[in-house]
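S.K.: Structure incoming, see below.
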Amino acid sequence: MGAVAEKRNSTAFRDSANKALGLNPQDANISKAYLLVGFIALLLGGVMGVIQGLNRAGVLELPTWLNYYQILTAHGLLLVVVMSSFITIGYFYAGFSHTLGGLLPKVRKMAWIGFGLKIFGFVLVVIPVLMNEASVMYTFYPPMAAHPMFYFGLVFIVLGVWMLAAGAFVNVANWRKNNKGQHLPILAFFGTGVFVLLVGATAFVAVEVIFMIIPWTLGWVDGINVMVSRTLFWAFGHTAVNIWYLTAVSAWYVIIPKIIGGTRFNDYLTRVVVIALVIMNITGGFHHQIIDPGISLSIKYMHVFMSLAIGFPSLMTAYAMFRVFERTGRRKGGKGALGWLKKLPWGDVRFLAPFIAMAAFIPAGAGGIVQSTNQLNQVAHNTMWVVGHFHLTLGMTVVMTFFGISYWLVPLVFKRVLTPAMNKVGIIQTILWTIGMTIMAFSMHAVGLFGSPRRTSFTTYGDFSSTLGWDPYMSAIGVGAVMLAIAGVLQIYAVFNMMFFAPKGKTEFPIADVEPDEAPTPYFTERWGVWVVLMLIVVAMAYVPPLIDMIVNAPPGSPPFKTW
């Protein structure tokens with residue numbers, strides 16, 4: 001009994017010391033590394049983006065040694081895969097350290113092993129991209145084929161993700177063992193959901209790459225089942241988008257209320273939202289394949305329903321956030337129907353950037369409904385509309401939330417403070433990014449409705465009259481890209497200033513408390529084993545029947561193609 005009591009006292013002391021210090025210094029080093037790589041990827045990916053934008057506008061002609069589709073592949077991988085995943089991991093590992101009393105020594109080792117695996121994998125991916133041997137774009141599915149090294153790199157990236165997920169689960173299990181009957185801290189609860197989805201999503205792409213694409217590109221098999229590979233990719237790709245969204249939502253629920261001086265919305269509802277998003281997120285991938293042949297209408301309709309079902313926790317989130325804003329504003333003296341808006345800290349970039357991100361999700365979500373609807377998808381599919389939608393969801397909703405997070409997380413892990421000067425830079429950067437992305441994304445939506453295809457370099461199509469009408473929109477896309485490049489440079493400047501030059505000091509980890517009189521959350525929300533089993537059942541319902549049909553009734557298969 002004495003040993004048990006001593007262990008509990010030790011754990012309690014570690015928890016209290018960790019909360020007082022913010023982060024264990026060894027744990028902070030892990031987040032430092034992930035954040036540093038994430039923002040370097042933002043810089044490089046941003047350069048690729050502005051080159052793309054100027055090329056699509058017809059302003060910049062690429063040199064013969066640089067292919068447009070090289071740029072497109074690099075842009076997508078750097079921002080969609082590298083930046084998003086590294087910032088997500090740096091953020092949640094800091095959250096695990098802060099809320100769970102520090103990372104276990106073995107979890108730190110797992111985090112560094114995962115870091116090494118991911119970096120090694122990205123090096124393998126980048127080499128063939130630079131050599132123009134892997135210009136297969138972000139989606140990288142057959143029949144286009146990259147150099148085998150590209151796919152080996154993807155395998156190491158997935159192994160790194162699995163190692164990090166295992167580390168997160170080990171730390172959570174250890175906390176639960178030492179805190180029986182207690183609710184997992186809310187940020188760690190979000191993190192658990194994110195890592196469950198990361199494992200589920202990458203399992204699909206791992207099967208595709210290891211068992212299908214690598215043997216195909218090495219010449220061990222003559223053909224590949226294109227429908228199966230596309231389906232496995234979109235089971236991953238659809239989930240990846242929602243992983244980033246769930247990460248952003250965690251900051252909206254947990255961090256933003258503290259920054260504005262308020263309290264969290266109902267803890268019970270918050271956990272239900274996380275559970276719903278985890279159970280329903282992986283399904284719905286076929287809504288990206290609505291116009292693909294070889295998939296029955298009943299399967300497509302089922303996936304559309306599952307995609308739209310995610311709208312329910314999203315609507316719950318919208319209500320919860322604006323209820324928090326109103327409640328906080330009124331407590332600060334806001335009067336009348338909208339007087340509470342004036343009481344919100346609009347001059348604080350830690351609030352302004354995520355608030356705009358939330359607002360951007362309204363048109364972004366509406367665009368997702370369009371793309372999940374059969375008749376409307378026939379118009380929008382494979383046009384610039386899709387690119388505009390993606391830039392609203394990732395480039396605004398997710399990335400701007402990440403920017404807002406960076407203004408407290410970077411000073412926290414580097415033991416510095418956010419200065420008024422950097423806050424001002426952040427406000428300017430946020431405004432520029434918002435204007436640039438609005439111009440670019442809505443121009444993409446508009447020109448997509450006129451039929452402009454995505455994934456194509458600049459062309460006048462032989463000066464065909466209808467396509468010349470796209471040029472003003474393409475010019476607007478170029479203007480937006482330049483503004484985003486300027487805003488991106490400001491963001492990188494602010495981040496590196498906060499990393500290495502800002503004054504030393506203590507920054508709070510801003511986690512909001514619940515309302516004092518709130519009813520206790522039922523403990524069944526902690527039954528993660530049940531939620532994972534339910535998720536697997538729903539995934540099996542969605543994917544097992546169509547995949548069996550695609551395999552049993554498989555076409556002859558496609559040889560590899562190099563189209564660039």
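Following the order of the structure tokens, first chain is A, next is B, and so on, with residues numbered from 1 inside each chain and ligands from 1 in the order they appear.
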For Phe190 in chain A, please output as a tab-separated table (two decimals) with all heavy atoms, in the first residue's frame all residues within 8 Å (counting only C-alpha atoms; exclusion window: fewer than 2 positions along the same chain).
M.R.:
```tsv
chain	number	residue	atom	x	y	z
A	186	ILE	N	-9.74	17.23	-21.57
A	186	ILE	CA	-10.45	17.42	-22.83
A	186	ILE	C	-9.52	17.53	-24.04
A	186	ILE	O	-9.81	16.99	-25.10
A	186	ILE	CB	-11.40	18.64	-22.75
A	186	ILE	CG1	-12.28	18.73	-23.99
A	186	ILE	CG2	-10.62	19.93	-22.52
A	186	ILE	CD1	-13.20	17.55	-24.18
A	187	LEU	N	-8.36	18.19	-23.90
A	187	LEU	CA	-7.47	18.30	-25.05
A	187	LEU	C	-6.87	16.94	-25.39
A	187	LEU	O	-6.70	16.60	-26.56
A	187	LEU	CB	-6.36	19.33	-24.78
A	187	LEU	CG	-5.52	19.72	-25.99
A	187	LEU	CD1	-6.40	20.28	-27.11
A	187	LEU	CD2	-4.46	20.75	-25.60
A	188	ALA	N	-6.56	16.14	-24.37
A	188	ALA	CA	-6.07	14.78	-24.60
A	188	ALA	C	-7.17	13.92	-25.22
A	188	ALA	O	-6.89	13.01	-26.01
A	188	ALA	CB	-5.57	14.17	-23.30
A	192	THR	N	-6.71	11.96	-28.64
A	192	THR	CA	-6.96	10.52	-28.80
A	192	THR	C	-7.78	10.27	-30.05
A	192	THR	O	-7.48	9.37	-30.86
A	192	THR	CB	-7.69	9.97	-27.56
A	192	THR	OG1	-6.89	10.22	-26.40
A	192	THR	CG2	-7.93	8.48	-27.70
A	193	GLY	N	-8.83	11.07	-30.25
A	193	GLY	CA	-9.66	10.92	-31.44
A	193	GLY	C	-8.87	11.15	-32.72
A	193	GLY	O	-9.02	10.41	-33.70
A	194	VAL	N	-8.01	12.17	-32.72
A	194	VAL	CA	-7.21	12.47	-33.91
A	194	VAL	C	-6.27	11.32	-34.25
A	194	VAL	O	-6.14	10.91	-35.41
A	194	VAL	CB	-6.43	13.79	-33.71
A	194	VAL	CG1	-5.29	13.91	-34.72
A	194	VAL	CG2	-7.37	14.98	-33.83
A	246	LEU	N	-10.80	18.27	-37.25
A	246	LEU	CA	-10.95	17.93	-35.84
A	246	LEU	C	-9.87	18.59	-35.00
A	246	LEU	O	-10.12	19.03	-33.86
A	246	LEU	CB	-10.92	16.41	-35.65
A	246	LEU	CG	-11.16	15.88	-34.24
A	246	LEU	CD1	-12.48	16.38	-33.67
A	246	LEU	CD2	-11.12	14.35	-34.22
A	247	THR	N	-8.66	18.71	-35.55
A	247	THR	CA	-7.59	19.41	-34.84
A	247	THR	C	-7.96	20.88	-34.63
A	247	THR	O	-7.79	21.43	-33.54
A	247	THR	CB	-6.27	19.31	-35.62
A	247	THR	OG1	-5.95	17.93	-35.84
A	247	THR	CG2	-5.13	19.98	-34.88
A	250	SER	N	-10.63	21.28	-31.99
A	250	SER	CA	-10.14	21.17	-30.61
A	250	SER	C	-9.70	22.52	-30.07
A	250	SER	O	-9.96	22.85	-28.91
A	250	SER	CB	-8.98	20.16	-30.54
A	250	SER	OG	-7.78	20.69	-31.10
A	274	VAL	N	-16.70	14.90	-30.51
A	274	VAL	CA	-15.48	14.16	-30.85
A	274	VAL	C	-15.82	12.72	-31.21
A	274	VAL	O	-15.36	12.19	-32.23
A	274	VAL	CB	-14.47	14.19	-29.68
A	274	VAL	CG1	-13.25	13.35	-30.01
A	274	VAL	CG2	-14.06	15.62	-29.36
```
S.K.: Extract, using only C-alpha atoms, all DNA, RNA and protein residues at most 9 Å from Arg271 in chain A, discarding same-chain residues fewer than 3 positions from it, and format them as a ChimeraX atom specification.
M.R.: /A:186,189-190,266-268,274-276,521,525-526
S.K.: Which is closest to Gly404 in chain A among A:Ala353, A:Val447, A:Met149, A:Ala235, if we use only C-alpha atoms?
M.R.: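 Checking each of A:Ala353, A:Val447, A:Met149, A:Ala235 against Gly404 in chain A, counting only C-alpha atoms, the winner is A:Ala353.
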S.K.: May I ask which of the residues A:Pro142, A:Pro128, A:Pro546, A:Gly101 is the closest one to Ile299 in chain A, counting only C-alpha atoms?
M.R.: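 Smallest distance to Ile299 in chain A is found for A:Pro546.
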S.K.: Taking the chain letters and numbering used in this document, name the residues of range 428-531 of chain A that DSSP puts in alpha helix (DSSP H), as a VMD selection string.
M.R.: chain A and resid 428 to 449 465 to 468 471 to 500 528 to 531
S.K.: Between A:Ser135, A:Thr283, A:Gln26, A:Asn55, which is the closest to Thr73 in chain A once you count only C-alpha atoms?
M.R.: A:Ser135
S.K.: So which residues touch Lys118 in chain A within 8 Å, counting only C-alpha atoms, skipping near sequence neighbours fewer than 4 positions away, as number ranges by chain?
M.R.: A: 114, 122, 156-161
S.K.: Let me make sure I understand: among A:Glu208, A:Tyr91, A:Ile435, A:Val482, which one has the smallest atom-to-atom distance to Trp408 in chain A if we use only C-alpha atoms?
M.R.: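 Comparing A:Glu208, A:Tyr91, A:Ile435, A:Val482 against Trp408 in chain A, the winner is A:Tyr91.
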S.K.: Find the residue from A:Leu44, A:Val59, A:Ile113, A:Ala146 that sits nearest to Val82 in chain A; use only C-alpha atoms when measuring.
M.R.: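 Closest to Val82 in chain A, using only C-alpha atoms: A:Leu44.
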S.K.: Give me the residues within 9 Å of Gly95 in chain A as number ranges by chain, counting only C-alpha atoms and dropping any in the same chain fewer than 5 places off.
M.R.: A: 23, 90, 100, 187-188, 191, 509
